[in-house]
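Colleague: This is work37.txt (compact mmCIF, C-alpha atoms).
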```txt
# COMPACT_ATOMS: atom_id res chain seq x y z
CA MET F 246 -7.39 -19.26 -92.07
CA SER F 247 -10.77 -17.70 -91.57
CA TYR F 248 -11.77 -15.01 -89.11
CA THR F 249 -14.95 -13.60 -87.61
CA LYS F 250 -15.59 -9.87 -87.48
CA LEU F 251 -16.55 -8.39 -84.14
CA THR F 252 -20.21 -7.42 -83.74
CA ARG F 253 -21.15 -3.85 -82.84
CA ASP F 254 -21.74 -4.99 -79.28
CA GLN F 255 -18.34 -6.68 -79.13
CA ILE F 256 -16.67 -3.47 -80.31
CA ALA F 257 -18.57 -1.54 -77.62
CA GLU F 258 -17.52 -4.08 -75.00
CA ARG F 259 -13.88 -3.79 -76.10
CA VAL F 260 -13.88 0.03 -75.82
CA ALA F 261 -15.47 -0.19 -72.36
CA GLN F 262 -12.36 -2.07 -71.13
CA ASP F 263 -10.24 1.01 -71.89
CA ILE F 264 -12.36 3.50 -69.94
CA PRO F 265 -10.81 3.96 -66.52
CA ASP F 266 -12.54 4.51 -63.20
CA GLY F 267 -13.36 8.19 -62.70
CA ALA F 268 -13.21 9.10 -66.39
CA TYR F 269 -15.38 11.88 -67.85
CA VAL F 270 -16.60 10.50 -71.16
CA ASN F 271 -18.78 11.61 -74.07
CA LEU F 272 -20.26 8.79 -76.11
CA GLY F 273 -21.39 9.73 -79.62
CA ILE F 274 -24.64 8.73 -81.23
CA GLY F 275 -24.96 5.15 -82.52
CA LEU F 276 -22.42 2.46 -81.69
CA PRO F 277 -20.57 4.56 -79.06
CA THR F 278 -23.80 4.83 -77.06
CA LYS F 279 -23.76 1.04 -76.65
CA ILE F 280 -20.52 1.29 -74.63
CA SER F 281 -22.54 2.40 -71.62
CA ASN F 282 -24.05 -1.12 -71.51
CA TYR F 283 -20.61 -2.61 -70.84
CA LEU F 284 -19.15 -0.27 -68.22
CA PRO F 285 -18.45 -2.29 -65.07
CA VAL F 286 -20.73 -1.34 -62.18
CA ASP F 287 -17.76 -1.06 -59.81
CA LYS F 288 -16.40 1.88 -61.86
CA ASP F 289 -17.62 5.47 -61.57
CA VAL F 290 -17.65 6.69 -65.15
CA PHE F 291 -19.21 10.10 -65.70
CA LEU F 292 -21.12 10.29 -68.96
CA HIS F 293 -21.30 13.77 -70.46
CA SER F 294 -23.93 14.89 -72.94
CA GLU F 295 -23.56 18.05 -75.06
CA ASN F 296 -27.00 19.34 -74.13
CA GLY F 297 -25.99 19.81 -70.52
CA LEU F 298 -25.87 16.56 -68.55
CA LEU F 299 -23.10 15.02 -66.48
CA ALA F 300 -23.52 11.56 -64.92
CA PHE F 301 -26.66 10.56 -66.74
CA GLY F 302 -27.93 7.02 -66.56
CA PRO F 303 -29.89 4.45 -68.55
CA LYS F 304 -33.19 4.99 -70.27
CA PRO F 305 -36.16 5.34 -67.95
CA ALA F 306 -38.79 2.71 -67.26
CA PRO F 307 -41.82 2.86 -69.58
CA GLY F 308 -44.09 5.67 -68.46
CA GLU F 309 -41.25 7.51 -66.68
CA GLU F 310 -40.01 9.37 -69.78
CA ASP F 311 -39.49 13.13 -69.35
CA PRO F 312 -39.32 15.23 -72.55
CA GLU F 313 -36.99 17.61 -70.69
CA LEU F 314 -34.53 14.86 -69.77
CA ILE F 315 -32.88 13.77 -72.99
CA ASN F 316 -29.33 13.17 -74.21
CA ALA F 317 -27.60 14.61 -77.28
CA GLY F 318 -29.16 11.85 -79.40
CA LYS F 319 -32.54 13.16 -78.18
CA GLU F 320 -33.22 9.86 -76.40
CA TYR F 321 -34.86 9.76 -72.98
CA VAL F 322 -32.37 9.18 -70.17
CA THR F 323 -32.28 9.28 -66.36
CA MET F 324 -29.85 10.99 -63.98
CA LEU F 325 -27.56 9.08 -61.64
CA THR F 326 -27.45 10.21 -58.03
CA GLY F 327 -24.92 13.04 -58.00
CA GLY F 328 -25.50 13.97 -61.63
CA CYS F 329 -26.02 17.58 -62.66
CA PHE F 330 -27.33 19.97 -65.29
CA PHE F 331 -25.60 22.98 -66.89
CA HIS F 332 -25.96 25.30 -69.87
CA HIS F 333 -24.35 24.96 -73.29
CA GLY F 334 -21.51 27.36 -72.53
CA ASP F 335 -20.36 25.21 -69.62
CA SER F 336 -21.02 22.02 -71.55
CA PHE F 337 -18.65 22.97 -74.35
CA ALA F 338 -16.14 24.44 -71.90
CA MET F 339 -15.91 20.90 -70.53
CA MET F 340 -14.76 19.74 -73.98
CA ARG F 341 -12.83 22.66 -75.40
CA GLY F 342 -11.24 23.41 -72.06
CA GLY F 343 -9.69 19.94 -71.96
CA HIS F 344 -11.69 18.67 -68.99
CA LEU F 345 -13.34 15.76 -70.79
CA ASP F 346 -11.10 12.70 -70.74
CA ILE F 347 -12.47 10.67 -73.64
CA ALA F 348 -14.82 11.18 -76.56
CA VAL F 349 -15.91 8.11 -78.51
CA LEU F 350 -17.14 8.95 -82.00
CA GLY F 351 -18.13 7.26 -85.23
CA ALA F 352 -16.34 7.96 -88.51
CA PHE F 353 -16.70 8.04 -92.27
CA GLN F 354 -12.92 8.10 -92.63
CA ILE F 355 -9.78 8.34 -90.51
CA ALA F 356 -6.50 9.40 -92.11
CA GLU F 357 -3.05 8.07 -91.29
CA ASN F 358 -2.15 11.31 -89.47
CA GLY F 359 -5.28 11.17 -87.28
CA ASP F 360 -7.51 13.51 -89.32
CA LEU F 361 -11.17 12.60 -88.85
CA ALA F 362 -14.17 12.89 -91.17
CA ASN F 363 -17.53 12.12 -89.60
CA TRP F 364 -19.93 15.01 -90.20
CA HIS F 365 -20.58 15.46 -93.91
CA THR F 366 -20.27 13.29 -96.99
CA GLY F 367 -19.73 16.36 -99.13
CA ALA F 368 -22.46 15.18 -101.51
CA PRO F 369 -23.93 18.26 -103.22
CA ASP F 370 -27.54 17.40 -102.28
CA ALA F 371 -26.74 16.53 -98.65
CA ILE F 372 -28.05 18.89 -95.97
CA PRO F 373 -25.04 19.46 -93.72
CA ALA F 374 -25.35 19.11 -89.94
CA VAL F 375 -22.39 19.22 -87.59
CA GLY F 376 -23.66 19.42 -84.01
CA GLY F 377 -20.88 18.96 -81.47
CA ALA F 378 -18.67 16.70 -83.62
CA MET F 379 -16.00 19.31 -84.34
CA ASP F 380 -15.89 20.46 -80.71
CA LEU F 381 -15.46 16.89 -79.45
CA ALA F 382 -12.76 16.16 -82.03
CA VAL F 383 -10.56 19.05 -80.88
CA GLY F 384 -11.66 19.25 -77.27
CA ALA F 385 -11.51 15.85 -75.61
CA LYS F 386 -8.14 14.76 -74.20
CA LYS F 387 -8.47 11.44 -76.06
CA VAL F 388 -10.58 10.76 -79.14
CA PHE F 389 -11.52 7.12 -79.70
CA ILE F 390 -13.22 6.04 -82.92
CA THR F 391 -15.51 3.05 -83.35
CA THR F 392 -16.16 1.99 -86.92
CA ASP F 393 -16.46 -0.87 -89.37
CA HIS F 394 -13.03 -1.44 -90.88
CA VAL F 395 -14.37 -1.06 -94.43
CA THR F 396 -17.51 0.48 -95.93
CA LYS F 397 -20.51 -1.58 -97.01
CA LYS F 398 -18.95 -1.57 -100.49
CA GLY F 399 -15.71 -2.93 -99.06
CA GLU F 400 -13.71 0.30 -99.39
CA PRO F 401 -11.21 1.18 -96.65
CA LYS F 402 -12.39 3.72 -94.05
CA ILE F 403 -8.84 4.07 -92.74
CA VAL F 404 -7.09 5.97 -95.50
CA ALA F 405 -3.84 7.75 -96.40
CA GLU F 406 -5.68 11.08 -96.76
CA LEU F 407 -9.32 12.06 -96.24
CA SER F 408 -11.56 12.38 -99.28
CA TYR F 409 -14.56 13.46 -97.16
CA PRO F 410 -14.63 16.92 -95.51
CA ALA F 411 -12.65 16.98 -92.25
CA THR F 412 -14.22 17.22 -88.80
CA GLY F 413 -10.88 17.81 -87.07
CA LEU F 414 -7.20 17.55 -87.91
CA LYS F 415 -4.77 15.12 -86.20
CA CYS F 416 -7.30 14.49 -83.47
CA VAL F 417 -7.79 10.69 -83.37
CA ASP F 418 -5.89 8.71 -80.75
CA ARG F 419 -7.25 5.19 -81.09
CA ILE F 420 -9.47 3.30 -83.55
CA TYR F 421 -11.61 0.28 -82.68
CA THR F 422 -12.87 -1.55 -85.76
CA ASP F 423 -14.62 -4.87 -86.26
CA LEU F 424 -11.18 -6.28 -87.14
CA CYS F 425 -8.60 -4.57 -84.95
CA VAL F 426 -7.49 -1.88 -82.52
CA ILE F 427 -5.12 0.79 -83.87
CA ASP F 428 -3.15 3.44 -82.01
CA VAL F 429 -2.62 6.58 -84.06
CA THR F 430 0.84 7.86 -83.17
CA ALA F 431 3.47 10.26 -84.46
CA GLU F 432 5.30 7.19 -85.85
CA GLY F 433 2.21 5.97 -87.69
CA MET F 434 -0.75 3.64 -87.22
CA LYS F 435 0.13 0.82 -84.86
CA VAL F 436 -2.09 -2.26 -84.82
CA ILE F 437 -2.12 -3.46 -81.23
CA GLU F 438 -4.84 -6.14 -81.52
CA LYS F 439 -6.59 -7.99 -84.33
CA VAL F 440 -9.22 -10.70 -84.51
CA ASP F 441 -8.04 -14.31 -84.47
CA GLY F 442 -7.32 -15.84 -87.86
CA LEU F 443 -6.73 -12.52 -89.64
CA SER F 444 -3.19 -12.08 -90.94
CA PHE F 445 -1.48 -8.71 -90.75
CA GLU F 446 -1.06 -8.77 -94.54
CA GLU F 447 -4.80 -9.30 -95.02
CA LEU F 448 -5.59 -6.48 -92.59
CA GLN F 449 -3.18 -4.19 -94.45
CA SER F 450 -4.93 -5.05 -97.73
CA LEU F 451 -8.23 -3.83 -96.26
CA THR F 452 -6.65 -0.56 -95.11
CA GLY F 453 -5.79 2.54 -97.15
CA ALA F 454 -3.12 3.75 -94.73
CA LYS F 455 0.17 2.07 -93.87
CA LEU F 456 -0.10 -0.05 -90.72
CA ILE F 457 2.63 -1.06 -88.29
CA ASP F 458 2.30 -4.50 -86.70
CA GLU F 459 2.58 -4.21 -82.95
CA THR F 460 0.37 -7.17 -82.09
CA GLN F 461 1.79 -9.76 -79.75
CA GLY F 462 2.35 -12.80 -81.96
CA MET X 179 -42.24 48.72 -58.42
CA ILE X 180 -40.51 46.67 -61.07
CA ASP X 181 -42.68 43.90 -62.41
CA LYS X 182 -41.27 42.15 -65.48
CA SER X 183 -43.98 39.52 -65.41
CA SER X 184 -46.81 39.77 -67.85
CA ALA X 185 -50.01 37.85 -68.29
CA SER X 186 -50.27 38.71 -71.96
CA LEU X 187 -47.93 36.93 -74.25
CA LYS X 188 -49.27 38.95 -77.17
CA ASP X 189 -48.49 42.32 -75.54
CA VAL X 190 -44.92 41.28 -74.88
CA LEU X 191 -44.33 39.84 -78.34
CA SER X 192 -45.87 42.77 -80.19
CA GLN X 193 -42.62 44.77 -79.79
CA ILE X 194 -40.89 42.33 -82.18
CA LYS X 195 -40.60 43.79 -85.67
CA ASP X 196 -40.20 42.15 -89.07
CA GLY X 197 -36.54 41.49 -89.88
CA SER X 198 -35.46 40.95 -86.26
CA THR X 199 -32.75 38.52 -85.22
CA ILE X 200 -34.20 36.21 -82.60
CA MET X 201 -32.45 33.60 -80.48
CA ILE X 202 -34.77 30.74 -79.60
CA GLY X 203 -33.76 28.42 -76.77
CA GLY X 204 -34.03 24.67 -76.89
CA PHE X 205 -32.24 21.53 -77.92
CA GLY X 206 -34.70 19.65 -80.09
CA THR X 207 -37.98 20.22 -78.31
CA ALA X 208 -36.47 20.27 -74.79
CA GLY X 209 -36.44 23.88 -73.65
CA GLN X 210 -38.13 25.16 -76.79
CA PRO X 211 -40.47 28.04 -75.86
CA ALA X 212 -43.34 26.69 -77.94
CA GLU X 213 -45.99 29.11 -76.66
CA LEU X 214 -43.81 32.13 -77.47
CA ILE X 215 -43.16 30.75 -80.95
CA ASP X 216 -46.87 30.16 -81.49
CA GLY X 217 -47.39 33.79 -80.46
CA LEU X 218 -44.88 34.95 -83.09
CA ILE X 219 -46.74 32.96 -85.72
CA GLU X 220 -50.08 34.47 -84.69
CA LEU X 221 -48.67 37.98 -84.95
CA GLY X 222 -47.46 37.21 -88.47
CA ILE X 223 -43.94 38.58 -87.93
CA LYS X 224 -41.79 37.94 -91.01
CA ASP X 225 -38.27 38.01 -92.45
CA LEU X 226 -36.68 36.75 -89.25
CA VAL X 227 -33.14 35.53 -88.62
CA ILE X 228 -33.38 32.70 -86.09
CA VAL X 229 -30.58 31.35 -83.90
CA ASN X 230 -31.27 27.87 -82.49
CA ASN X 231 -29.37 24.62 -82.15
CA ASN X 232 -31.65 22.87 -84.63
CA ALA X 233 -34.04 23.79 -87.40
CA GLY X 234 -37.28 22.46 -86.02
CA ASN X 235 -38.81 19.08 -85.26
CA GLY X 236 -42.01 17.69 -86.75
CA ASP X 237 -44.75 20.31 -87.16
CA TYR X 238 -44.16 21.74 -83.70
CA GLY X 239 -42.76 25.06 -82.42
CA LEU X 240 -39.82 26.24 -84.49
CA ALA X 241 -40.76 23.94 -87.38
CA LYS X 242 -44.19 25.58 -87.44
CA LEU X 243 -42.56 29.03 -87.57
CA LEU X 244 -40.48 27.90 -90.55
CA LYS X 245 -43.57 26.47 -92.23
CA ALA X 246 -45.33 29.81 -91.79
CA GLY X 247 -42.63 31.34 -94.00
CA ALA X 248 -41.52 33.71 -91.23
CA VAL X 249 -37.82 32.84 -91.33
CA ARG X 250 -35.31 34.23 -93.86
CA LYS X 251 -32.20 32.70 -92.34
CA ILE X 252 -31.35 30.20 -89.63
CA ILE X 253 -28.06 30.00 -87.71
CA CYS X 254 -27.76 26.54 -86.16
CA SER X 255 -25.54 23.51 -85.62
CA PHE X 256 -27.75 20.56 -86.46
CA PRO X 257 -30.57 21.23 -88.92
CA ARG X 258 -30.86 17.75 -90.39
CA GLN X 259 -32.78 15.38 -88.16
CA SER X 260 -35.12 12.48 -88.71
CA ASP X 261 -38.11 14.81 -88.35
CA SER X 262 -36.77 18.08 -89.82
CA TYR X 263 -38.81 17.66 -93.01
CA ILE X 264 -40.12 21.24 -92.98
CA PHE X 265 -36.62 22.71 -92.91
CA ASP X 266 -35.34 20.13 -95.42
CA GLU X 267 -37.99 21.10 -97.95
CA LEU X 268 -37.42 24.87 -97.54
CA TYR X 269 -33.65 24.41 -97.78
CA ARG X 270 -33.79 22.25 -100.90
CA ALA X 271 -36.17 24.78 -102.48
CA GLY X 272 -33.70 27.58 -101.71
CA LYS X 273 -36.28 29.34 -99.54
CA ILE X 274 -34.17 29.57 -96.39
CA GLU X 275 -30.58 30.57 -95.81
CA LEU X 276 -28.47 28.37 -93.52
CA GLU X 277 -25.41 29.36 -91.50
CA LEU X 278 -24.06 26.14 -90.08
CA VAL X 279 -22.02 26.57 -86.88
CA PRO X 280 -20.39 23.87 -84.74
CA GLN X 281 -22.42 23.55 -81.56
CA GLY X 282 -19.69 24.71 -79.20
CA ASN X 283 -18.83 27.64 -81.46
CA LEU X 284 -22.51 28.56 -81.49
CA ALA X 285 -22.42 28.58 -77.69
CA CYS X 286 -19.21 30.59 -77.38
CA ARG X 287 -20.18 33.08 -80.09
CA ILE X 288 -23.42 33.71 -78.18
CA GLN X 289 -21.42 33.98 -74.96
CA ALA X 290 -18.96 36.41 -76.56
CA ALA X 291 -21.85 38.71 -77.45
CA GLY X 292 -23.33 38.38 -73.98
CA MET X 293 -20.01 39.19 -72.36
CA GLY X 294 -19.32 42.19 -74.58
CA LEU X 295 -16.37 40.57 -76.33
CA GLY X 296 -15.41 41.04 -79.95
CA PRO X 297 -14.49 38.18 -82.27
CA ILE X 298 -12.99 35.19 -80.46
CA TYR X 299 -10.41 32.56 -81.39
CA THR X 300 -11.70 29.00 -81.08
CA PRO X 301 -9.92 25.72 -81.93
CA THR X 302 -13.15 24.12 -83.15
CA GLY X 303 -13.47 23.83 -86.90
CA PHE X 304 -9.88 24.71 -87.75
CA GLY X 305 -8.94 23.26 -91.13
CA THR X 306 -12.55 22.38 -92.01
CA LEU X 307 -15.11 23.67 -94.51
CA LEU X 308 -16.77 25.65 -91.73
CA ALA X 309 -13.64 27.73 -91.17
CA GLU X 310 -13.00 28.56 -94.82
CA GLY X 311 -12.08 32.19 -95.38
CA LYS X 312 -11.85 32.97 -91.66
CA PRO X 313 -8.68 34.38 -90.11
CA THR X 314 -6.59 31.89 -88.11
CA LEU X 315 -3.95 32.11 -85.42
CA ASN X 316 -1.36 29.73 -84.04
CA TYR X 317 -1.08 30.35 -80.32
CA GLU X 318 1.17 28.28 -78.08
CA GLY X 319 1.39 25.64 -80.78
CA LYS X 320 -2.33 25.26 -81.29
CA ASP X 321 -4.43 26.45 -84.23
CA PHE X 322 -7.46 28.70 -83.80
CA VAL X 323 -10.16 30.21 -86.03
CA LEU X 324 -11.56 33.71 -85.55
CA GLU X 325 -15.34 33.72 -85.09
CA ASN X 326 -17.66 36.69 -84.66
CA PRO X 327 -20.02 37.12 -81.71
CA ILE X 328 -23.70 36.35 -82.34
CA LYS X 329 -25.98 39.02 -80.94
CA ALA X 330 -29.75 39.21 -81.18
CA ASP X 331 -32.54 41.74 -80.92
CA PHE X 332 -34.60 39.26 -78.92
CA ALA X 333 -34.12 35.98 -77.08
CA LEU X 334 -37.13 33.76 -76.53
CA ILE X 335 -36.37 31.16 -73.91
CA LYS X 336 -38.14 28.65 -71.71
CA ALA X 337 -37.43 28.55 -68.00
CA TYR X 338 -39.18 26.68 -65.23
CA LYS X 339 -39.87 29.42 -62.67
CA GLY X 340 -39.31 33.14 -62.71
CA ASP X 341 -40.05 36.10 -60.45
CA ARG X 342 -41.06 39.68 -61.18
CA TRP X 343 -37.44 40.81 -61.20
CA GLY X 344 -36.69 38.34 -64.01
CA ASN X 345 -34.66 35.84 -61.99
CA LEU X 346 -34.95 32.38 -63.54
CA VAL X 347 -34.45 28.73 -62.74
CA TYR X 348 -34.66 25.98 -65.33
CA ARG X 349 -35.70 22.37 -65.44
CA LYS X 350 -33.35 19.48 -66.32
CA SER X 351 -31.93 19.46 -69.86
CA ALA X 352 -34.38 22.20 -70.89
CA ARG X 353 -31.79 24.67 -69.57
CA ASN X 354 -29.45 24.19 -72.57
CA PHE X 355 -29.10 27.55 -74.42
CA GLY X 356 -31.43 29.58 -72.19
CA PRO X 357 -28.90 31.19 -69.81
CA ILE X 358 -26.42 32.19 -72.53
CA MET X 359 -29.05 33.46 -74.97
CA ALA X 360 -30.59 35.59 -72.22
CA MET X 361 -27.23 37.41 -72.01
CA ALA X 362 -26.81 37.99 -75.74
CA ALA X 363 -30.07 39.69 -76.69
CA ASP X 364 -31.24 43.28 -76.26
CA VAL X 365 -34.58 41.99 -75.00
CA THR X 366 -35.02 38.58 -73.40
CA ILE X 367 -38.49 37.13 -73.03
CA ALA X 368 -38.76 34.05 -70.85
CA GLN X 369 -41.79 31.82 -70.75
CA VAL X 370 -42.14 30.04 -67.43
CA ALA X 371 -44.44 27.41 -66.02
CA GLU X 372 -44.90 29.54 -62.93
CA VAL X 373 -44.24 33.12 -61.79
CA VAL X 374 -43.33 32.97 -58.11
CA GLU X 375 -43.11 35.62 -55.40
CA LEU X 376 -39.83 37.47 -54.94
CA GLY X 377 -37.72 35.54 -52.47
CA GLU X 378 -39.19 32.18 -53.34
CA LEU X 379 -36.22 31.38 -55.58
CA ASP X 380 -33.18 30.62 -53.45
CA PRO X 381 -30.52 33.24 -54.33
CA GLU X 382 -27.94 30.43 -54.27
CA HIS X 383 -29.86 28.56 -56.94
CA ILE X 384 -30.84 31.29 -59.37
CA ILE X 385 -29.34 30.36 -62.75
CA THR X 386 -30.16 33.49 -64.74
CA PRO X 387 -30.02 36.75 -62.77
CA GLY X 388 -32.88 39.09 -63.61
CA ILE X 389 -30.58 41.72 -65.12
CA PHE X 390 -30.49 39.58 -68.27
CA VAL X 391 -34.26 39.25 -68.52
CA GLN X 392 -36.77 41.91 -69.58
CA HIS X 393 -40.04 39.96 -69.60
CA VAL X 394 -41.38 36.88 -67.83
CA VAL X 395 -44.54 35.36 -69.24
CA SER X 396 -46.43 32.63 -67.47
CA VAL X 397 -47.81 29.92 -69.73
CA ALA X 398 -49.92 26.95 -68.77
CA ALA X 399 -47.55 24.07 -68.08
CA LYS X 400 -47.69 21.93 -71.15
CA GLN X 401 -45.42 19.06 -72.08
CA PRO X 402 -44.12 19.21 -75.64
CA GLU X 403 -45.06 16.45 -78.01
CA GLN X 404 -41.90 14.42 -78.03
CA SER X 405 -40.34 13.50 -81.29
CA ALA X 406 -37.41 11.21 -81.71
```
Mind turning this structure into structure tokens?

Modeller:
Amino acid sequence: MSYTKLTRDQIAERVAQDIPDGAYVNLGIGLPTKISNYLPVDKDVFLHSENGLLAFGPKPAPGEEDPELINAGKEYVTMLTGGCFFHHGDSFAMMRGGHLDIAVLGAFQIAENGDLANWHTGAPDAIPAVGGAMDLAVGAKKVFITTDHVTKKGEPKIVAELSYPATGLKCVDRIYTDLCVIDVTAEGMKVIEKVDGLSFEELQSLTGAKLIDETQG
Amino acid sequence: MIDKSSASLKDVLSQIKDGSTIMIGGFGTAGQPAELIDGLIELGIKDLVIVNNNAGNGDYGLAKLLKAGAVRKIICSFPRQSDSYIFDELYRAGKIELELVPQGNLACRIQAAGMGLGPIYTPTGFGTLLAEGKPTLNYEGKDFVLENPIKADFALIKAYKGDRWGNLVYRKSARNFGPIMAMAADVTIAQVAEVVELGELDPEHIITPGIFVQHVVSVAAKQPEQSA
């Protein structure tokens, strides 16, 4: 059988289904940012940005951009009615203090035990930059990862143990890839959904960690 | 009569000596006190240790200070950006020292200094390269890393309005590190778009109480050149 990988937008749309009404959520740079396009309008989801925004909204109309109203990705945004500003101490208290419900982040690698690598390739000539990645990894109540299932070279990104430098240990709760959704649990990595036409065996062969099949049929 | 406001940026900045540790507010260019930084460059102050979230954008503000060769070391969370080419070049040439700090640890280390605390235990970074060699503690089942406070000789920050007692309010996401840096430096210099009369700022809405601010300098309101 053949299967079709999910697009980046389809992954974003899938994650959006799991964000409940009233949740305080931080969306990382890149694919996670797209999730905001798929949040139902009848839900109040509060988007948090590291640089001191809660309940920010979409990008402004052309000509309405304000250089002092940007998100953590340094993109222009707007504020929703009821949104607010705060300083960095409060912003990271929201994470570290366990007030933020969900962080959605990208990844280089996720290990079987939930260790995450997403800040540094470890290459000797790379200039390291970490930003808020380590704070989000340990601080949010739930850490969701969006990622391609394998690298551009076809190597697994979900691995037995990290080979890239860690961002946080045992911090990942759920992984959304272009092939499946995985819950990271104390019993192991449970596949709860996969794309049509993809066998569990084939998915396992594309994965460096041991998977448990918990899909329905 | 206490009047912390000053018309001369140069007079205020001239107390900064070579080798000082300076916190500079801002996240990217939002909240970056560009006029104060330009003043530092004009005075030719050298051998600085800078604390900022980033390491400069484009050829503007902090990047310009780096380009002027005024900075020995930078303590920041996110130096590498699409337009951080000045930092990138200095770093690759070994001409600037980098202390990389997770963003929330940067904030709480600054806060620890401002609050008069000693080293603090934080969960962020435990088990990573950035915690190597640092003492750790398991408390109530959770792992923590010991991090030192970050204190500065000076903080240069950008606020929106200030009064002659040093009370400040900020504008939108330009607030970012301003309030916490103001608490962690011996001398805080705030550039503002407008110095207002005492009483004009609603006491309920003052974000930084004047006790944390030594100088308020009015600069012509100028929007930064935005870079992605």

Colleague: For region 399-406 of chain F, please output as a VMD selection string all residues within 6 Å (counting all atoms listed in the file; exclusion window: fewer than 6 positions along the same chain).

Modeller: chain F and resid 354 to 357 451 to 454

Colleague: Nearest residue to Ala330 (chain X) out of X:Thr366, X:Gln281, X:Ser186, X:Asn231, using all atoms listed in the file?

Modeller: X:Thr366

Colleague: Would you compute the distance between CA of Ile253 (chain X) and CA of Tyr409 (chain F)? Give it in Å to one decimal.

Modeller: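 Pair CA of Ile253 (chain X) / CA of Tyr409 (chain F) returns 23.3 Å.
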
Colleague: Name all residues at most 7 Å from region 290-294 of chain F (count only C-alpha atoms; drop same-chain ones fewer than 3 positions away) and give them as a ChimeraX atom specification.

Modeller: /F:266-271,297-301,316-317

Colleague: Select, as a CSV table (one decimal) with C-alpha atoms, in the coordinates of the input, those residues of chain X with any atom no more than 9 Å from chain F (distances computed using only C-alpha atoms).

Modeller:
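Wrote it out as selection_27.csv, contents follow:
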```
chain,number,residue,atom,x,y,z
X,205,PHE,CA,-32.2,21.5,-77.9
X,206,GLY,CA,-34.7,19.6,-80.1
X,207,THR,CA,-38.0,20.2,-78.3
X,208,ALA,CA,-36.5,20.3,-74.8
X,209,GLY,CA,-36.4,23.9,-73.6
X,231,ASN,CA,-29.4,24.6,-82.2
X,232,ASN,CA,-31.6,22.9,-84.6
X,254,CYS,CA,-27.8,26.5,-86.2
X,255,SER,CA,-25.5,23.5,-85.6
X,256,PHE,CA,-27.8,20.6,-86.5
X,257,PRO,CA,-30.6,21.2,-88.9
X,258,ARG,CA,-30.9,17.8,-90.4
X,259,GLN,CA,-32.8,15.4,-88.2
X,266,ASP,CA,-35.3,20.1,-95.4
X,269,TYR,CA,-33.6,24.4,-97.8
X,270,ARG,CA,-33.8,22.2,-100.9
X,278,LEU,CA,-24.1,26.1,-90.1
X,279,VAL,CA,-22.0,26.6,-86.9
X,280,PRO,CA,-20.4,23.9,-84.7
X,281,GLN,CA,-22.4,23.6,-81.6
X,282,GLY,CA,-19.7,24.7,-79.2
X,283,ASN,CA,-18.8,27.6,-81.5
X,285,ALA,CA,-22.4,28.6,-77.7
X,286,CYS,CA,-19.2,30.6,-77.4
X,288,ILE,CA,-23.4,33.7,-78.2
X,289,GLN,CA,-21.4,34.0,-75.0
X,300,THR,CA,-11.7,29.0,-81.1
X,301,PRO,CA,-9.9,25.7,-81.9
X,302,THR,CA,-13.2,24.1,-83.2
X,303,GLY,CA,-13.5,23.8,-86.9
X,304,PHE,CA,-9.9,24.7,-87.8
X,305,GLY,CA,-8.9,23.3,-91.1
X,306,THR,CA,-12.6,22.4,-92.0
X,307,LEU,CA,-15.1,23.7,-94.5
X,349,ARG,CA,-35.7,22.4,-65.4
X,350,LYS,CA,-33.4,19.5,-66.3
X,351,SER,CA,-31.9,19.5,-69.9
X,352,ALA,CA,-34.4,22.2,-70.9
X,353,ARG,CA,-31.8,24.7,-69.6
X,354,ASN,CA,-29.4,24.2,-72.6
X,355,PHE,CA,-29.1,27.6,-74.4
X,356,GLY,CA,-31.4,29.6,-72.2
X,357,PRO,CA,-28.9,31.2,-69.8
X,358,ILE,CA,-26.4,32.2,-72.5
X,401,GLN,CA,-45.4,19.1,-72.1
X,402,PRO,CA,-44.1,19.2,-75.6
X,403,GLU,CA,-45.1,16.4,-78.0
X,404,GLN,CA,-41.9,14.4,-78.0
X,405,SER,CA,-40.3,13.5,-81.3
X,406,ALA,CA,-37.4,11.2,-81.7
```

Colleague: Residues at most 10 Å from Ser281 (chain F), counting all atoms listed in the file, excluding those fewer than 6 positions away in the same chain, as a short mmCIF file (atom, residue, chain, number, x, y, z; two decimals) with C-alpha atoms, in the coordinates of the input?

Modeller:
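Once everything was written out, this is part-v8.cif:
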```
data_model
loop_
_atom_site.label_atom_id
_atom_site.label_comp_id
_atom_site.auth_asym_id
_atom_site.auth_seq_id
_atom_site.Cartn_x
_atom_site.Cartn_y
_atom_site.Cartn_z
CA ALA F 257 -18.57 -1.54 -77.62
CA GLU F 258 -17.52 -4.08 -75.00
CA VAL F 260 -13.88 0.03 -75.82
CA ALA F 261 -15.47 -0.19 -72.36
CA LEU F 272 -20.26 8.79 -76.11
CA VAL F 290 -17.65 6.69 -65.15
CA LEU F 292 -21.12 10.29 -68.96
CA GLY F 302 -27.93 7.02 -66.56
CA PRO F 303 -29.89 4.45 -68.55
#
```

Colleague: Of the candidates X:Phe265, X:Tyr317, X:Tyr238, X:Phe390, which one gets nearest to Ile335 (chain X) if we count only C-alpha atoms?

Modeller: X:Phe390

Colleague: In Å, how far is it from CA of Glu447 (chain F) to CA of Asp428 (chain F)?

Modeller: 18.3 Å

Colleague: Figure out the distance between CA of Ala360 (chain X) and CA of Val391 (chain X), please, to one decimal in Å.

Modeller: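 One can read the CA of Val391 (chain X) to CA of Ala360 (chain X) distance as 6.4 Å.
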
Colleague: I want to know what sits within 9 Å of Pro297 (chain X), based on all atoms listed in the file, with residues of the same chain fewer than 3 positions away left out; could you give that as a list in words?

Modeller: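 Once the adjacent positions are removed, what remains is Arg287, Ala290, Ala291, Leu324, Glu325, Asn326 and Pro327 of chain X.
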